[in-house]
Amino acid sequence: MIEYESLAQSNAAYMQELEAAASRVIRSGWYVLGQEVAAFENEFAAYVGAKHCIGVANGLDALILSIEALELPKGSDILVASNTYIATILAILRAGHCPLLVEPDLATFNLNPEELPKSITPNTRAICVTHLFGKTCRMDAIGAFAAEHGLKLVEDCAQSHGAKLGDQMTGTFGDAGCFSFYPTKNLGAVGDAGAIVTNNEVMADRLRHLRNYGSKQKYVNRYVGVNSRLDELQAAMLRVKLRHLDEMTLHKRRLAEVYFANLPDWITFPRRQEDEFDVFHIFGIRHPQRDALRQYLLERGVKTEIHYPIPPHRQEAMQGIVSGDFPIADELHATELSLPISVGHQVENVLKVAELIGQFK
Ligand SMILES: Cc1ncc(COP(=O)(O)O)c(C=O)c1O
């Protein structure tokens, strides 16, 4: 059986380092917001190329707190891709604003900059972009649109650790970059974890308060904050894995090249551009008989995933909140299939998957 992903297998290569780091934290007697978190924040900010990093409890909180920290008038419209993972939309709602769905580009899965002028309203104050599947959005065009209209820009980088447009990493194009370190992510913890990167000093300071009851000084509360702290154990795990992130990314990029070279030409791939450095969090292909192809692969010992089976505008939770037709999101959700591409997979696994797909009628 070729699993879609085995986290135990993916983490096995770093087990000694992870166990040593866990033991160091447990023995230290300090478990929340301490030296490990501070060190990880510095190391991750340096990796991404941002001035500040603020560790939080998960990726959803990273988004909610970043949007809150923009201090927009309550009920502002925020533009967001109609095919993003639901968390991006939930964050806009939780921060007290209105998500306005913008259709993605069928060829890239990412927010289509050409759709932005059609979607903007007089009440629009920000754009929240998601670099889906590890592929950067066109931040050149999106950044120019945001600047032209005076919009704030938040990046959902939950799937794009280390992805670049030109020489610049995702997370550094806007006001804040929001990361999830959920265990399956390219940089994954051994539980929930998240972080925000920003170059804005005022926003960084606000976020350091917000994640800890609105307080930076014990029992002194400046803002109405929450408890969304990154714990020492997760920070220590992330420090180990950050040291290996580039080699993990390289491995996934090598596997992706094997897919590109060996999958039949009737499979639809995401469009690639020279200046994009894709980290392939997910290798999403498209096929009109997606469900039959998935079943065919399963019967031959290959597990795949669908990201995602139901588009946000068709979720029960979104009824009465988002309205309109989103045919491109519908099309993507009906045809997408995610093939195995993890650090635990080898070239021969991926070759086998490509070969089986080649025999699918
Ligand atoms: C695009 C996107 N945004 C946000 C999140 C939320 O991250 P978390 O699960 O850490 O809250 C995820 C992860 O599941 C995601 O894939």
# chains A, B, ... in the order shown; residues from 1 in each chain; ligands from 1

call {"tool": "residues_near_ligand", "arguments": {"ligand": "ligand 1", "cutoff": "10 Å", "atoms": "only C-alpha atoms and all ligand atoms", "output": "PyMOL selection string"}}
result
chain A and resi 56-64+83-91+129-134+155-160+178-185+188-189+191-195+281+307

call {"tool": "write_last_selection", "arguments": {"atoms": "N, CA and C atoms", "output": "short mmCIF file (atom, residue, chain, number, x, y, z; two decimals), in the first residue's frame"}}
result
data_model
loop_
_atom_site.label_atom_id
_atom_site.label_comp_id
_atom_site.auth_asym_id
_atom_site.auth_seq_id
_atom_site.Cartn_x
_atom_site.Cartn_y
_atom_site.Cartn_z
N VAL A 56 1.84 31.41 17.95
CA VAL A 56 0.48 31.29 18.49
C VAL A 56 0.08 29.81 18.50
N ALA A 57 -1.17 29.55 18.92
CA ALA A 57 -1.56 28.16 19.17
C ALA A 57 -1.84 27.35 17.92
N ASN A 58 -2.25 28.00 16.82
CA ASN A 58 -2.59 27.27 15.58
C ASN A 58 -2.72 28.28 14.43
N GLY A 59 -2.93 27.75 13.24
CA GLY A 59 -3.00 28.61 12.05
C GLY A 59 -4.27 29.45 12.00
N LEU A 60 -5.38 28.88 12.49
CA LEU A 60 -6.63 29.65 12.49
C LEU A 60 -6.48 30.89 13.39
N ASP A 61 -5.90 30.70 14.57
CA ASP A 61 -5.68 31.85 15.47
C ASP A 61 -4.72 32.86 14.84
N ALA A 62 -3.72 32.37 14.12
CA ALA A 62 -2.77 33.29 13.47
C ALA A 62 -3.55 34.22 12.54
N LEU A 63 -4.52 33.66 11.81
CA LEU A 63 -5.32 34.46 10.89
C LEU A 63 -6.26 35.40 11.65
N ILE A 64 -6.97 34.86 12.63
CA ILE A 64 -7.94 35.70 13.38
C ILE A 64 -7.22 36.89 14.01
N ASN A 83 -12.12 29.24 -3.16
CA ASN A 83 -11.74 27.82 -3.02
C ASN A 83 -10.72 27.62 -1.90
N THR A 84 -10.58 28.62 -1.01
CA THR A 84 -9.61 28.44 0.07
C THR A 84 -10.12 27.40 1.06
N TYR A 85 -9.20 26.93 1.92
CA TYR A 85 -9.64 26.09 3.04
C TYR A 85 -10.51 26.97 3.94
N ILE A 86 -11.54 26.39 4.51
CA ILE A 86 -12.57 27.14 5.24
C ILE A 86 -11.99 28.04 6.35
N ALA A 87 -10.83 27.67 6.87
CA ALA A 87 -10.24 28.43 7.99
C ALA A 87 -10.04 29.90 7.65
N THR A 88 -9.65 30.19 6.41
CA THR A 88 -9.39 31.59 6.03
C THR A 88 -10.68 32.40 6.16
N ILE A 89 -11.79 31.79 5.75
CA ILE A 89 -13.09 32.48 5.78
C ILE A 89 -13.59 32.58 7.23
N LEU A 90 -13.41 31.50 7.99
CA LEU A 90 -13.82 31.53 9.40
C LEU A 90 -13.08 32.64 10.15
N ALA A 91 -11.80 32.83 9.82
CA ALA A 91 -11.00 33.84 10.53
C ALA A 91 -11.56 35.24 10.28
N VAL A 129 -5.13 36.51 1.13
CA VAL A 129 -4.78 35.54 0.08
C VAL A 129 -4.30 34.24 0.69
N THR A 130 -4.60 33.13 0.02
CA THR A 130 -4.09 31.82 0.46
C THR A 130 -3.17 31.28 -0.62
N HIS A 131 -1.95 30.94 -0.23
CA HIS A 131 -1.02 30.31 -1.18
C HIS A 131 -1.31 28.81 -1.14
N LEU A 132 -2.32 28.42 -1.93
CA LEU A 132 -2.86 27.07 -1.80
C LEU A 132 -1.89 26.01 -2.35
N PHE A 133 -1.83 24.89 -1.67
CA PHE A 133 -1.06 23.70 -2.09
C PHE A 133 0.46 23.95 -2.10
N GLY A 134 0.91 25.11 -1.58
CA GLY A 134 2.36 25.37 -1.56
C GLY A 134 2.83 26.20 -2.72
N GLU A 155 -1.59 37.32 4.36
CA GLU A 155 -1.30 36.09 3.61
C GLU A 155 -1.55 34.86 4.48
N ASP A 156 -2.34 33.95 3.95
CA ASP A 156 -2.52 32.65 4.61
C ASP A 156 -1.46 31.72 4.05
N CYS A 157 -0.43 31.49 4.87
CA CYS A 157 0.73 30.68 4.43
C CYS A 157 0.71 29.30 5.07
N ALA A 158 -0.47 28.84 5.47
CA ALA A 158 -0.57 27.55 6.16
C ALA A 158 -0.02 26.41 5.31
N GLN A 159 -0.01 26.60 3.98
CA GLN A 159 0.45 25.52 3.08
C GLN A 159 1.70 25.93 2.32
N SER A 160 2.34 27.03 2.69
CA SER A 160 3.39 27.57 1.80
C SER A 160 4.71 27.89 2.49
N CYS A 178 0.51 34.40 7.87
CA CYS A 178 -0.02 33.52 8.91
C CYS A 178 0.31 32.06 8.60
N PHE A 179 0.97 31.40 9.53
CA PHE A 179 1.42 30.03 9.30
C PHE A 179 0.71 29.06 10.25
N SER A 180 0.43 27.88 9.73
CA SER A 180 -0.02 26.76 10.56
C SER A 180 1.13 25.76 10.60
N PHE A 181 1.34 25.17 11.77
CA PHE A 181 2.32 24.07 11.86
C PHE A 181 1.60 22.78 12.26
N TYR A 182 0.36 22.66 11.83
CA TYR A 182 -0.38 21.41 12.02
C TYR A 182 0.51 20.26 11.52
N PRO A 183 0.45 19.09 12.17
CA PRO A 183 1.45 18.05 11.88
C PRO A 183 1.65 17.68 10.41
N THR A 184 0.60 17.81 9.58
CA THR A 184 0.77 17.41 8.17
C THR A 184 1.41 18.51 7.32
N LYS A 185 1.59 19.69 7.86
CA LYS A 185 2.11 20.80 7.04
C LYS A 185 3.58 20.56 6.68
N GLY A 188 5.80 20.86 10.16
CA GLY A 188 4.74 20.37 11.04
C GLY A 188 5.24 20.10 12.45
N ALA A 189 4.45 20.49 13.43
CA ALA A 189 4.78 20.21 14.84
C ALA A 189 4.28 18.80 15.19
N GLY A 191 1.69 18.45 17.20
CA GLY A 191 0.40 18.86 17.76
C GLY A 191 0.05 20.16 17.06
N ASP A 192 -0.87 20.93 17.63
CA ASP A 192 -1.23 22.21 17.01
C ASP A 192 -0.19 23.28 17.31
N ALA A 193 0.05 24.12 16.33
CA ALA A 193 0.96 25.26 16.51
C ALA A 193 0.79 26.20 15.33
N GLY A 194 1.14 27.47 15.54
CA GLY A 194 1.03 28.44 14.45
C GLY A 194 1.92 29.64 14.72
N ALA A 195 2.02 30.53 13.75
CA ALA A 195 2.83 31.75 13.94
C ALA A 195 2.41 32.81 12.94
N HIS A 281 3.17 21.47 -1.01
CA HIS A 281 2.51 20.91 0.18
C HIS A 281 1.55 19.80 -0.27
N HIS A 307 -8.70 17.74 -1.94
CA HIS A 307 -8.62 19.04 -1.25
C HIS A 307 -9.35 20.08 -2.08
#

call {"tool": "residues_around", "arguments": {"residues": "Arg290 in chain A", "least_positions_apart": "5", "cutoff": "9 Å", "atoms": "only C-alpha atoms", "output": "PDB file with N, CA and C atoms, in the first residue's frame"}}
result
ATOM      1  N   GLN A 295     -10.851   5.780  -6.984  1.00  0.00           N
ATOM      2  CA  GLN A 295     -11.234   4.415  -6.641  1.00  0.00           C
ATOM      3  C   GLN A 295     -10.301   3.406  -7.322  1.00  0.00           C
ATOM      4  N   ALA A 334     -14.729  19.662  -7.789  1.00  0.00           N
ATOM      5  CA  ALA A 334     -15.287  18.434  -8.384  1.00  0.00           C
ATOM      6  C   ALA A 334     -14.228  17.605  -9.108  1.00  0.00           C
ATOM      7  N   THR A 335     -13.066  18.197  -9.411  1.00  0.00           N
ATOM      8  CA  THR A 335     -12.103  17.495 -10.274  1.00  0.00           C
ATOM      9  C   THR A 335     -10.728  17.280  -9.628  1.00  0.00           C
ATOM     10  N   GLU A 336     -10.487  17.883  -8.461  1.00  0.00           N
ATOM     11  CA  GLU A 336      -9.143  17.824  -7.855  1.00  0.00           C
ATOM     12  C   GLU A 336      -8.871  16.474  -7.210  1.00  0.00           C
ATOM     13  N   LEU A 337      -7.641  15.998  -7.395  1.00  0.00           N
ATOM     14  CA  LEU A 337      -7.180  14.777  -6.714  1.00  0.00           C
ATOM     15  C   LEU A 337      -5.740  15.011  -6.247  1.00  0.00           C
TER      16      LEU A 337
END

call {"tool": "select_by_dssp", "arguments": {"residues": "range 151-288 of chain A", "states": "strand (DSSP E)", "output": "VMD selection string"}}
result
chain A and resid 152 to 156 164 to 165 168 to 169 176 to 180 194 to 198 276 to 277 283 to 286

call {"tool": "closest_residue", "arguments": {"among": "A:Gln319, A:Asn200, A:Pro113, A:Glu17", "to": "Thr172 in chain A", "atoms": "only C-alpha atoms"}}
result
A:Asn200

call {"tool": "residues_around", "arguments": {"residues": "Asn186 in chain A", "least_positions_apart": "5", "cutoff": "12 Å", "atoms": "only C-alpha atoms", "output": "ChimeraX atom specification"}}
result
/A:5,7,10-11,133-134,157-163,179-181,238,241-242,244-253,278-282,341-344

call {"tool": "decode", "arguments": {"residues": "range 94-114 of chain A", "atoms": "N, CA, C and O atoms", "output": "PDB file, in the first residue's frame"}}
result
ATOM      1  N   ARG A  94     -14.708  35.452  12.373  1.00  0.00           N
ATOM      2  CA  ARG A  94     -14.392  35.505  13.809  1.00  0.00           C
ATOM      3  C   ARG A  94     -13.827  36.860  14.211  1.00  0.00           C
ATOM      4  O   ARG A  94     -13.950  37.284  15.358  1.00  0.00           O
ATOM      5  N   ALA A  95     -13.145  37.524  13.252  1.00  0.00           N
ATOM      6  CA  ALA A  95     -12.573  38.854  13.545  1.00  0.00           C
ATOM      7  C   ALA A  95     -13.624  39.951  13.371  1.00  0.00           C
ATOM      8  O   ALA A  95     -13.321  41.135  13.532  1.00  0.00           O
ATOM      9  N   GLY A  96     -14.863  39.548  13.002  1.00  0.00           N
ATOM     10  CA  GLY A  96     -15.963  40.518  12.946  1.00  0.00           C
ATOM     11  C   GLY A  96     -16.137  41.183  11.600  1.00  0.00           C
ATOM     12  O   GLY A  96     -16.714  42.273  11.511  1.00  0.00           O
ATOM     13  N   HIS A  97     -15.665  40.534  10.523  1.00  0.00           N
ATOM     14  CA  HIS A  97     -15.763  41.133   9.190  1.00  0.00           C
ATOM     15  C   HIS A  97     -16.552  40.225   8.231  1.00  0.00           C
ATOM     16  O   HIS A  97     -17.016  39.150   8.617  1.00  0.00           O
ATOM     17  N   CYS A  98     -16.667  40.711   6.973  1.00  0.00           N
ATOM     18  CA  CYS A  98     -17.488  39.988   5.990  1.00  0.00           C
ATOM     19  C   CYS A  98     -16.607  39.442   4.871  1.00  0.00           C
ATOM     20  O   CYS A  98     -15.962  40.239   4.171  1.00  0.00           O
ATOM     21  N   PRO A  99     -16.589  38.131   4.685  1.00  0.00           N
ATOM     22  CA  PRO A  99     -15.811  37.575   3.574  1.00  0.00           C
ATOM     23  C   PRO A  99     -16.512  37.816   2.237  1.00  0.00           C
ATOM     24  O   PRO A  99     -17.711  37.556   2.126  1.00  0.00           O
ATOM     25  N   LEU A 100     -15.777  38.312   1.261  1.00  0.00           N
ATOM     26  CA  LEU A 100     -16.305  38.457  -0.112  1.00  0.00           C
ATOM     27  C   LEU A 100     -15.511  37.494  -0.979  1.00  0.00           C
ATOM     28  O   LEU A 100     -14.301  37.679  -1.169  1.00  0.00           O
ATOM     29  N   LEU A 101     -16.175  36.475  -1.483  1.00  0.00           N
ATOM     30  CA  LEU A 101     -15.458  35.424  -2.200  1.00  0.00           C
ATOM     31  C   LEU A 101     -15.080  35.863  -3.613  1.00  0.00           C
ATOM     32  O   LEU A 101     -15.904  36.414  -4.343  1.00  0.00           O
ATOM     33  N   VAL A 102     -13.825  35.571  -3.970  1.00  0.00           N
ATOM     34  CA  VAL A 102     -13.276  35.916  -5.286  1.00  0.00           C
ATOM     35  C   VAL A 102     -12.856  34.613  -5.956  1.00  0.00           C
ATOM     36  O   VAL A 102     -12.184  33.784  -5.321  1.00  0.00           O
ATOM     37  N   GLU A 103     -13.226  34.446  -7.216  1.00  0.00           N
ATOM     38  CA  GLU A 103     -12.922  33.180  -7.893  1.00  0.00           C
ATOM     39  C   GLU A 103     -11.417  33.011  -8.142  1.00  0.00           C
ATOM     40  O   GLU A 103     -10.698  33.980  -8.426  1.00  0.00           O
ATOM     41  N   PRO A 104     -10.951  31.762  -8.046  1.00  0.00           N
ATOM     42  CA  PRO A 104      -9.548  31.480  -8.339  1.00  0.00           C
ATOM     43  C   PRO A 104      -9.316  31.312  -9.846  1.00  0.00           C
ATOM     44  O   PRO A 104     -10.266  31.291 -10.623  1.00  0.00           O
ATOM     45  N   ASP A 105      -8.044  31.166 -10.194  1.00  0.00           N
ATOM     46  CA  ASP A 105      -7.647  30.854 -11.571  1.00  0.00           C
ATOM     47  C   ASP A 105      -7.711  29.328 -11.708  1.00  0.00           C
ATOM     48  O   ASP A 105      -7.053  28.604 -10.940  1.00  0.00           O
ATOM     49  N   LEU A 106      -8.480  28.852 -12.669  1.00  0.00           N
ATOM     50  CA  LEU A 106      -8.648  27.411 -12.872  1.00  0.00           C
ATOM     51  C   LEU A 106      -7.295  26.726 -13.099  1.00  0.00           C
ATOM     52  O   LEU A 106      -7.100  25.562 -12.742  1.00  0.00           O
ATOM     53  N   ALA A 107      -6.363  27.450 -13.659  1.00  0.00           N
ATOM     54  CA  ALA A 107      -5.071  26.864 -14.022  1.00  0.00           C
ATOM     55  C   ALA A 107      -4.090  26.791 -12.858  1.00  0.00           C
ATOM     56  O   ALA A 107      -3.101  26.063 -12.926  1.00  0.00           O
ATOM     57  N   THR A 108      -4.342  27.548 -11.770  1.00  0.00           N
ATOM     58  CA  THR A 108      -3.345  27.570 -10.681  1.00  0.00           C
ATOM     59  C   THR A 108      -3.938  27.222  -9.318  1.00  0.00           C
ATOM     60  O   THR A 108      -3.193  27.042  -8.358  1.00  0.00           O
ATOM     61  N   PHE A 109      -5.251  27.187  -9.190  1.00  0.00           N
ATOM     62  CA  PHE A 109      -5.956  26.994  -7.912  1.00  0.00           C
ATOM     63  C   PHE A 109      -5.881  28.238  -7.024  1.00  0.00           C
ATOM     64  O   PHE A 109      -6.456  28.274  -5.960  1.00  0.00           O
ATOM     65  N   ASN A 110      -5.114  29.239  -7.430  1.00  0.00           N
ATOM     66  CA  ASN A 110      -4.916  30.413  -6.564  1.00  0.00           C
ATOM     67  C   ASN A 110      -5.788  31.585  -6.983  1.00  0.00           C
ATOM     68  O   ASN A 110      -6.190  31.681  -8.151  1.00  0.00           O
ATOM     69  N   LEU A 111      -6.019  32.486  -6.034  1.00  0.00           N
ATOM     70  CA  LEU A 111      -6.837  33.676  -6.279  1.00  0.00           C
ATOM     71  C   LEU A 111      -6.420  34.355  -7.585  1.00  0.00           C
ATOM     72  O   LEU A 111      -5.229  34.583  -7.818  1.00  0.00           O
ATOM     73  N   ASN A 112      -7.419  34.661  -8.417  1.00  0.00           N
ATOM     74  CA  ASN A 112      -7.132  35.248  -9.726  1.00  0.00           C
ATOM     75  C   ASN A 112      -7.143  36.771  -9.614  1.00  0.00           C
ATOM     76  O   ASN A 112      -8.205  37.366  -9.391  1.00  0.00           O
ATOM     77  N   PRO A 113      -5.987  37.423  -9.773  1.00  0.00           N
ATOM     78  CA  PRO A 113      -5.933  38.886  -9.612  1.00  0.00           C
ATOM     79  C   PRO A 113      -6.900  39.613 -10.545  1.00  0.00           C
ATOM     80  O   PRO A 113      -7.411  40.669 -10.206  1.00  0.00           O
ATOM     81  N   GLU A 114      -7.191  39.005 -11.696  1.00  0.00           N
ATOM     82  CA  GLU A 114      -8.098  39.663 -12.657  1.00  0.00           C
ATOM     83  C   GLU A 114      -9.534  39.722 -12.151  1.00  0.00           C
ATOM     84  O   GLU A 114     -10.350  40.489 -12.652  1.00  0.00           O
TER      85      GLU A 114
END
